[in-house]
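Accompanying notes for the structure given below.
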Amino acid sequence: MSDCHDPGGGHHHEHGGGGQKPLADAPSVALIGSPNAGKTSVFNGLTGLRQKTGNYPGVTVTRSIGRAKVPAMAGAGAAKPIEINLEDLPGTYSLQPISPDEQVVADLLDGKISGADRPDAALIVVDSTVLQRSLGLVAEAMNLGIPIAIVLTMTDEMAARGGKADPEGLEEALGVPVRAVIGTRKSTLESVRTLLGAPESWSRPAVAPPTVADGQEHEDWVASVLQLAGYKAPRSHSITNAVDRVLLHPVVGTLVFLGIMFGFFQVVFTVAAPLQDLVESFFGWLGGLVTEYVTWPILADFLSTAVIGGVGGVLVFVPQIVLMFLLIALMENVGYMSRAAFVTDRAMSGAGLEGRAFVAMLSSFACAVPGIMATRSIPSSKDRIATTMAAPLATCSARIPVYVLLIGMLVSPDAKFGPFGMQGAVMFGLYLLGGVSAMTAAAVFKRTPALRSGLMPFYMEMPPYRIPAARTVLMMVWDSTRMFLRKVGKIILLTSIVLWILLSLPARTDEAEQIKNDTVAVQLQQGATQEEAEAAGDAESRSYVMDNSFGAAIGKFVEPVFAPLGFDWRIDIGILGSFAAREVVVSTLGQIAAAEDPDDPTSALEQMTYTDGPNKGEVVFSPPTIVAMLLFFVYALQCMSTIGVMRRETNSWRWPIIAWVYMFALAWVAGYIGHTITAAVTG
């Protein structure tokens with residue numbers, strides 16, 4: 001595909017935002033529908049792919065192509081099923097685009113995107129509970145000049161709420177094939193699969209229907225279609241109406257939203273803690289195996305320090321990551337997220353943005369990359385850039401390992417805030433600080449001459465509350481967790497290996513051996529066993545090598561920059577590495593702790609002291625330093641993937657550079673203020 005530019009700096013359409021590589025020369029069918037119509041569920045059911053779904057507009061912002069096996073057309077004898085390319089397009093209410101993702105749909109269907117063939121046919125996914133509203137999109141699609149078929153979803157909900165829409169009558173009224181399905185039940189999709197075997201044989205109306213632009217003529221057409229389909233509007237969802245009276249209230253709804261978020265982090269800490277202990281025990285067991293069976297010193301050090309201490313130090317926090325993704329998936333699939341967007345729209349408008357920006361901000365709490373990509377649902381190019389510049393401040397999942405590690409050293413697990421755990425309260429405060437900071441940054445950017453613009457109208461569909469399918473939720477959790485594990489398996493492992501090399505060279509073998517022997521002798525004189533003396537000697541020699549390594553030289557070179565924040569060279573190495581990925585600081589500290597005390601790395605961190613300078617001998621991870629680190633990680637832009645997607649979405653290096661500079665400045669100033677105030681309070 002080609003780049004499509006807009007006044008705000010540009011927008012890049014991705015080819016194959018997810019799914020499978022398309023088959024050459026295979027028929028192509030586009031899947032079109034409004035947000036929340038069940039389009040992605042139909043796509044997943046037909047292709048077997050697991051695409052992320054959500055109950056608010058703007059989630060699916062890139063093309064997703066999958067292969068669907070369909071029966072061979074009639075007359076092919078015993079021919080095997082054929083495969084077609086099924087393309088899940090971004091959700092849209094109309095083919096008259098007002099945002100970049102809607103522009104993708106219109107351009108593709110008109111054959112205006114170079115490098116992407118116009119589809120041979122289109123399936124229009126229509127939510128039967130809002131059939132009247134959906135007929136505007138259906139009419140526009142029927143004017144495309146390609147075979148069209150209708151997939152009618154939510155028919156079970158329609159019946160449960162006393163509504164009616166006869167698929168056969170609707171097919172007769174429209175003049176195109178209509179198939180009723182329940183997207184989460186694959187068996188109901190077989191009629192659609194059969195239909196896809198021969199799109200060229202689909203019936204078409206003799207005359208294309210009038211579109212919304214035709215005014216009264218279109219309204220008359222809609223009325224006649226509904227009459228022929230025996231349409232009866234469903235009752236309003238009584239439970240949804242009752243709950244929304246509370247959740248959408250301007251005051252109560254906001255308090256409930258904050259309460260849900262507060263409880264969210266209480267659960268993350270309290271429920272995940274026992275699971276985290278199990279993971280820590282597992283890596284402790286692995287460390288014991290290395291000590292027992294690996295006799296080559298270099299390999300043993302690599303496995304225990306780089307792999308177990310570095311990568312394992314990040315994987316320890318997988319329980320918190322999984323639990324967070326689970327809670328987000330439940331809120332999305334229940335239908336609460338669109339309510340949260342509605343409630344926060346007031347705050348967004350105060351920052352000069354509209355509710356669609358909440359989708360991007362919310363996505364950024366999992367990862368800034370999809371959050372920034374979700375800005376494509378925002379019609380205003382200036383609003384997209386302002387949201388993009390603020391989205392990385394939302395607290396992403398990559399910060400969780402850092403926050404959990406540092407909060408665990410700062411706050412006792414037994415500390416309470418009333419009936420609530422203090423650790424969860426601190427985590428909630430950090431997330432709230434990130435969200436408020438993102439809103440403030442967006443407001444500042446919106447008031448700059450380059451991005452100043454008026455608010456555009458914002459329409460938000462509120463889907464009824466639904467009990468989510470367990471399989472759908474678990475797939476969403478697994479997909480998100482798998483992305484985190486892949487990141488650990490690639491970026492974190494590679495960085496851990498590089499850091500291990502930097503912290504291990506030059507080896508200084510003779511000096512290290514002498515220090516080990518001297519330490520062993522002293523330990524034996526003090527009554528230690530031979531095994532205890534050997535362990536202490538190994539730790540001392542390893543510390544000596546690290547203190548005189550290439551890594552130490554790099555850390556000490558940048559130490560003057562971070563010294564006012566209380567960071568020593570070991571933290572500085574982690575900070576430098578964290579600009580590739582935030583979790584690297586945990587990996588770095590994990591390596592250092594594993595080298596100094598492989599049996600109890602947490603205690604090694606808590607007891608770590610400055611090795612030189614005016615604070616020599618004092619504890620490094622004092623409350624002022626921990627607070628400074630937490631605040632630094634709230635604000636700093638420490639993710640090369642985020643910088644890359646900012647460059648791609650704005651089509652310029654200007655905005656990513658501005659973002660990195662202003663966030664680093666914020667991070668340093670916030671860290672310095674936090675260190676100074678905490679030092680004054682704690683004495």
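Residues in the structure tokens are named by chain (A, B, ... in the order shown) and by number from 1 within that chain; ligands are numbered from 1 in the order shown.
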### Message
For Leu524 in chain A, find every residue with an atom within 9 Å (counting only C-alpha atoms), except residues of its own chain fewer than 6 positions away, and show them as a PyMOL selection string.
### Response
chain A and resi 530+532-533
### Task
Determine which residues of range 323-572 of chain A receive a DSSP assignment of strand (DSSP E), computed from the backbone, and state them as a PyMOL selection string.
chain A and resi 416-417+420-421
How about saving the chosen residues, all heavy atoms kept, as an mmCIF file, in the first residue's frame?
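The resulting file, selection_36.cif, is reproduced below:
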```
data_model
loop_
_atom_site.group_PDB
_atom_site.id
_atom_site.type_symbol
_atom_site.label_atom_id
_atom_site.label_comp_id
_atom_site.auth_asym_id
_atom_site.auth_seq_id
_atom_site.Cartn_x
_atom_site.Cartn_y
_atom_site.Cartn_z
ATOM 1 N N LYS A 416 -1.208 -0.805 55.345
ATOM 2 C CA LYS A 416 -2.603 -0.662 54.950
ATOM 3 C C LYS A 416 -2.980 0.807 54.795
ATOM 4 O O LYS A 416 -2.452 1.681 55.477
ATOM 5 C CB LYS A 416 -3.519 -1.308 55.994
ATOM 6 C CG LYS A 416 -3.344 -2.814 56.148
ATOM 7 C CD LYS A 416 -3.838 -3.564 54.921
ATOM 8 C CE LYS A 416 -3.729 -5.070 55.115
ATOM 9 N NZ LYS A 416 -4.196 -5.814 53.915
ATOM 10 N N PHE A 417 -3.904 1.044 53.864
ATOM 11 C CA PHE A 417 -4.516 2.356 53.684
ATOM 12 C C PHE A 417 -5.986 2.152 53.995
ATOM 13 O O PHE A 417 -6.785 1.837 53.123
ATOM 14 C CB PHE A 417 -4.298 2.843 52.255
ATOM 15 C CG PHE A 417 -4.983 4.133 51.920
ATOM 16 C CD1 PHE A 417 -4.530 5.333 52.467
ATOM 17 C CD2 PHE A 417 -6.080 4.161 51.074
ATOM 18 C CE1 PHE A 417 -5.160 6.531 52.159
ATOM 19 C CE2 PHE A 417 -6.712 5.359 50.757
ATOM 20 C CZ PHE A 417 -6.251 6.548 51.315
ATOM 21 N N PHE A 420 -7.475 -1.183 52.803
ATOM 22 C CA PHE A 420 -6.835 -1.547 51.540
ATOM 23 C C PHE A 420 -5.323 -1.637 51.691
ATOM 24 O O PHE A 420 -4.713 -0.979 52.542
ATOM 25 C CB PHE A 420 -7.179 -0.523 50.450
ATOM 26 C CG PHE A 420 -8.645 -0.326 50.245
ATOM 27 C CD1 PHE A 420 -9.281 0.824 50.684
ATOM 28 C CD2 PHE A 420 -9.407 -1.303 49.615
ATOM 29 C CE1 PHE A 420 -10.638 1.009 50.502
ATOM 30 C CE2 PHE A 420 -10.772 -1.133 49.426
ATOM 31 C CZ PHE A 420 -11.393 0.023 49.872
ATOM 32 N N GLY A 421 -4.717 -2.450 50.832
ATOM 33 C CA GLY A 421 -3.270 -2.578 50.820
ATOM 34 C C GLY A 421 -2.615 -1.302 50.300
ATOM 35 O O GLY A 421 -3.048 -0.739 49.289
#
```
List as a short mmCIF file (atom, residue, chain, number, x, y, z; two decimals) with C-alpha atoms, in the first residue's frame the protein and nucleic acid residues near Thr305 in chain A, meaning an atom at most 8 Å away when only C-alpha atoms are counted, but skip any in the same chain fewer than 3 places from it.
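Resulting contents of around22.cif:
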```
data_model
loop_
_atom_site.label_atom_id
_atom_site.label_comp_id
_atom_site.auth_asym_id
_atom_site.auth_seq_id
_atom_site.Cartn_x
_atom_site.Cartn_y
_atom_site.Cartn_z
CA ASP A 301 27.68 -17.28 35.41
CA PHE A 302 25.90 -16.58 32.11
CA ILE A 308 17.89 -16.42 35.37
CA GLY A 309 18.85 -13.11 36.97
CA GLY A 310 18.05 -10.95 33.93
CA TRP A 500 26.21 -9.43 30.89
CA GLY A 590 18.26 -8.64 38.43
CA GLN A 591 21.68 -9.45 36.96
CA ILE A 592 23.50 -7.35 39.55
CA ALA A 594 21.96 -12.38 41.12
CA ALA A 595 25.71 -11.82 40.90
#
```
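Taking range 125-174 of chain A and asking which residues DSSP calls helix (DSSP H, G or I) on the backbone, you get Ser128, Thr129, Val130, Leu131, Gln132, Arg133, Ser134, Leu135, Gly136, Leu137, Val138, Ala139, Glu140, Ala141, Met142, Thr155, Asp156, Glu157, Met158, Ala159, Ala160, Pro167, Glu168, Gly169, Leu170, Glu171, Glu172, Ala173 and Leu174 of chain A.
Residue neighbourhood of range 206-219 of chain A, excluding near-sequence residues (fewer than 4 positions): A:Gly136, A:Leu137, A:Val138, A:Ala139, A:Glu140, A:Met142, A:Asn143, A:Gly145, A:Leu174, A:Gly175, A:Ala223, A:Ser224, at 9 Å, using only C-alpha atoms.
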### Message
So that I can see what lies close to range 313-320 of chain A, please list as a list in words the residues with an atom at most 7 Å from it, counting only C-alpha atoms and leaving out residues fewer than 6 positions away in the same chain.
### Response
Val268, Ala272, Leu275, Gln276, Val279, Glu280, Pro401, Glu583, Val586, Ser587 and Gly590 of chain A
Residues from last step as file, all heavy atoms, as a CSV table (one decimal), in the first residue's frame:
```
chain,number,residue,atom,x,y,z
A,268,VAL,N,-4.6,-6.6,41.5
A,268,VAL,CA,-3.4,-7.0,40.8
A,268,VAL,C,-2.3,-7.3,41.9
A,268,VAL,O,-1.5,-8.3,41.7
A,268,VAL,CB,-2.9,-5.8,39.9
A,268,VAL,CG1,-1.4,-6.0,39.6
A,268,VAL,CG2,-3.7,-5.7,38.7
A,272,ALA,N,-2.1,-11.5,42.8
A,272,ALA,CA,-0.9,-12.0,42.1
A,272,ALA,C,0.2,-12.3,43.0
A,272,ALA,O,1.1,-13.0,42.6
A,272,ALA,CB,-0.5,-10.9,41.0
A,275,LEU,N,1.1,-16.0,43.5
A,275,LEU,CA,1.5,-16.6,42.2
A,275,LEU,C,3.0,-16.1,41.9
A,275,LEU,O,3.8,-16.8,41.4
A,275,LEU,CB,0.6,-16.1,41.1
A,275,LEU,CG,-0.9,-16.6,41.2
A,275,LEU,CD1,-1.7,-16.0,40.1
A,275,LEU,CD2,-0.9,-18.1,41.2
A,276,GLN,N,3.2,-14.8,42.2
A,276,GLN,CA,4.6,-14.3,42.0
A,276,GLN,C,5.6,-15.1,42.9
A,276,GLN,O,6.7,-15.4,42.4
A,276,GLN,CB,4.6,-12.8,42.3
A,276,GLN,CG,6.0,-12.2,42.0
A,276,GLN,CD,6.0,-10.7,42.3
A,276,GLN,OE1,5.0,-10.1,42.7
A,276,GLN,NE2,7.1,-10.1,42.2
A,279,VAL,N,6.5,-18.2,41.1
A,279,VAL,CA,7.4,-18.0,40.0
A,279,VAL,C,8.8,-17.7,40.5
A,279,VAL,O,9.8,-18.3,40.0
A,279,VAL,CB,6.9,-16.8,39.1
A,279,VAL,CG1,7.9,-16.6,38.0
A,279,VAL,CG2,5.6,-17.1,38.6
A,280,GLU,N,8.9,-17.0,41.6
A,280,GLU,CA,10.3,-16.7,42.2
A,280,GLU,C,10.9,-18.0,42.7
A,280,GLU,O,12.1,-18.2,42.5
A,280,GLU,CB,10.1,-15.7,43.4
A,280,GLU,CG,9.9,-14.3,42.9
A,280,GLU,CD,9.8,-13.4,44.1
A,280,GLU,OE1,9.4,-13.8,45.2
A,280,GLU,OE2,10.1,-12.2,44.0
A,401,PRO,N,6.4,-4.4,35.8
A,401,PRO,CA,7.6,-5.0,36.5
A,401,PRO,C,8.4,-4.0,37.3
A,401,PRO,O,8.9,-4.3,38.4
A,401,PRO,CB,8.4,-5.6,35.4
A,401,PRO,CG,7.4,-5.8,34.2
A,401,PRO,CD,6.5,-4.7,34.3
A,583,GLU,N,11.5,-2.6,30.7
A,583,GLU,CA,11.8,-3.7,31.6
A,583,GLU,C,13.2,-4.0,31.8
A,583,GLU,O,13.6,-4.8,32.7
A,583,GLU,CB,11.1,-5.0,31.1
A,583,GLU,CG,9.6,-4.9,30.9
A,583,GLU,CD,9.2,-4.5,29.5
A,583,GLU,OE1,10.0,-3.8,28.8
A,583,GLU,OE2,8.1,-4.9,29.0
A,586,VAL,N,14.8,-3.7,35.2
A,586,VAL,CA,14.6,-4.8,36.1
A,586,VAL,C,15.5,-5.9,35.7
A,586,VAL,O,16.1,-6.5,36.6
A,586,VAL,CB,13.1,-5.3,35.9
A,586,VAL,CG1,12.9,-6.5,36.8
A,586,VAL,CG2,12.1,-4.2,36.3
A,587,SER,N,15.7,-6.2,34.4
A,587,SER,CA,16.7,-7.2,34.0
A,587,SER,C,18.1,-6.8,34.5
A,587,SER,O,18.8,-7.7,35.0
A,587,SER,CB,16.7,-7.3,32.5
A,587,SER,OG,17.7,-8.1,32.0
A,590,GLY,N,18.3,-7.2,38.2
A,590,GLY,CA,18.3,-8.6,38.4
A,590,GLY,C,19.6,-9.3,38.2
A,590,GLY,O,20.0,-10.2,39.0
```
### Query
Which residues come within 7 Å of range 555-560 of chain A, counting only C-alpha atoms, excluding same-chain residues fewer than 6 positions away, as a list in words?
Asp568, Trp569, Arg570, Asp572 and Ile573 of chain A
Please produce a file of those selected residues containing all heavy atoms, as a compact mmCIF listing (two decimals), in the first residue's frame.
```
# COMPACT_ATOMS: atom_id res chain seq x y z
N ASP A 568 23.00 5.56 41.22
CA ASP A 568 24.42 5.27 41.06
C ASP A 568 24.64 4.62 39.70
O ASP A 568 23.69 4.44 38.92
CB ASP A 568 24.94 4.41 42.22
CG ASP A 568 24.68 2.92 42.01
OD1 ASP A 568 23.68 2.59 41.34
OD2 ASP A 568 25.44 2.10 42.54
N TRP A 569 25.87 4.25 39.40
CA TRP A 569 26.18 3.80 38.04
C TRP A 569 25.43 2.54 37.66
O TRP A 569 25.12 2.31 36.49
CB TRP A 569 27.69 3.59 37.87
CG TRP A 569 28.27 2.42 38.64
CD1 TRP A 569 28.86 2.45 39.86
CD2 TRP A 569 28.32 1.05 38.21
NE1 TRP A 569 29.27 1.19 40.24
CE2 TRP A 569 28.95 0.31 39.23
CE3 TRP A 569 27.89 0.38 37.07
CZ2 TRP A 569 29.17 -1.06 39.15
CZ3 TRP A 569 28.11 -0.99 36.98
CH2 TRP A 569 28.75 -1.69 38.02
N ARG A 570 25.11 1.68 38.64
CA ARG A 570 24.39 0.45 38.32
C ARG A 570 22.96 0.75 37.88
O ARG A 570 22.45 0.14 36.94
CB ARG A 570 24.42 -0.49 39.54
CG ARG A 570 25.81 -1.08 39.81
CD ARG A 570 25.95 -1.63 41.20
NE ARG A 570 25.89 -0.57 42.22
CZ ARG A 570 26.21 -0.76 43.50
NH1 ARG A 570 26.59 -1.96 43.92
NH2 ARG A 570 26.15 0.23 44.36
N ASP A 572 22.15 3.59 36.57
CA ASP A 572 22.31 4.32 35.31
C ASP A 572 22.40 3.38 34.11
O ASP A 572 21.85 3.66 33.04
CB ASP A 572 23.56 5.20 35.36
CG ASP A 572 23.44 6.30 36.41
OD1 ASP A 572 22.31 6.60 36.82
OD2 ASP A 572 24.48 6.85 36.82
N ILE A 573 23.09 2.24 34.29
CA ILE A 573 23.18 1.25 33.21
C ILE A 573 21.78 0.75 32.87
O ILE A 573 21.41 0.62 31.69
CB ILE A 573 24.08 0.07 33.63
CG1 ILE A 573 25.54 0.49 33.58
CG2 ILE A 573 23.86 -1.13 32.72
CD1 ILE A 573 26.06 0.71 32.18
```
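Closest approach to Gly435 in chain A among A:Leu605, A:Leu589, A:Ala535, A:Leu258 is made by A:Leu258 (distances from only C-alpha atoms).
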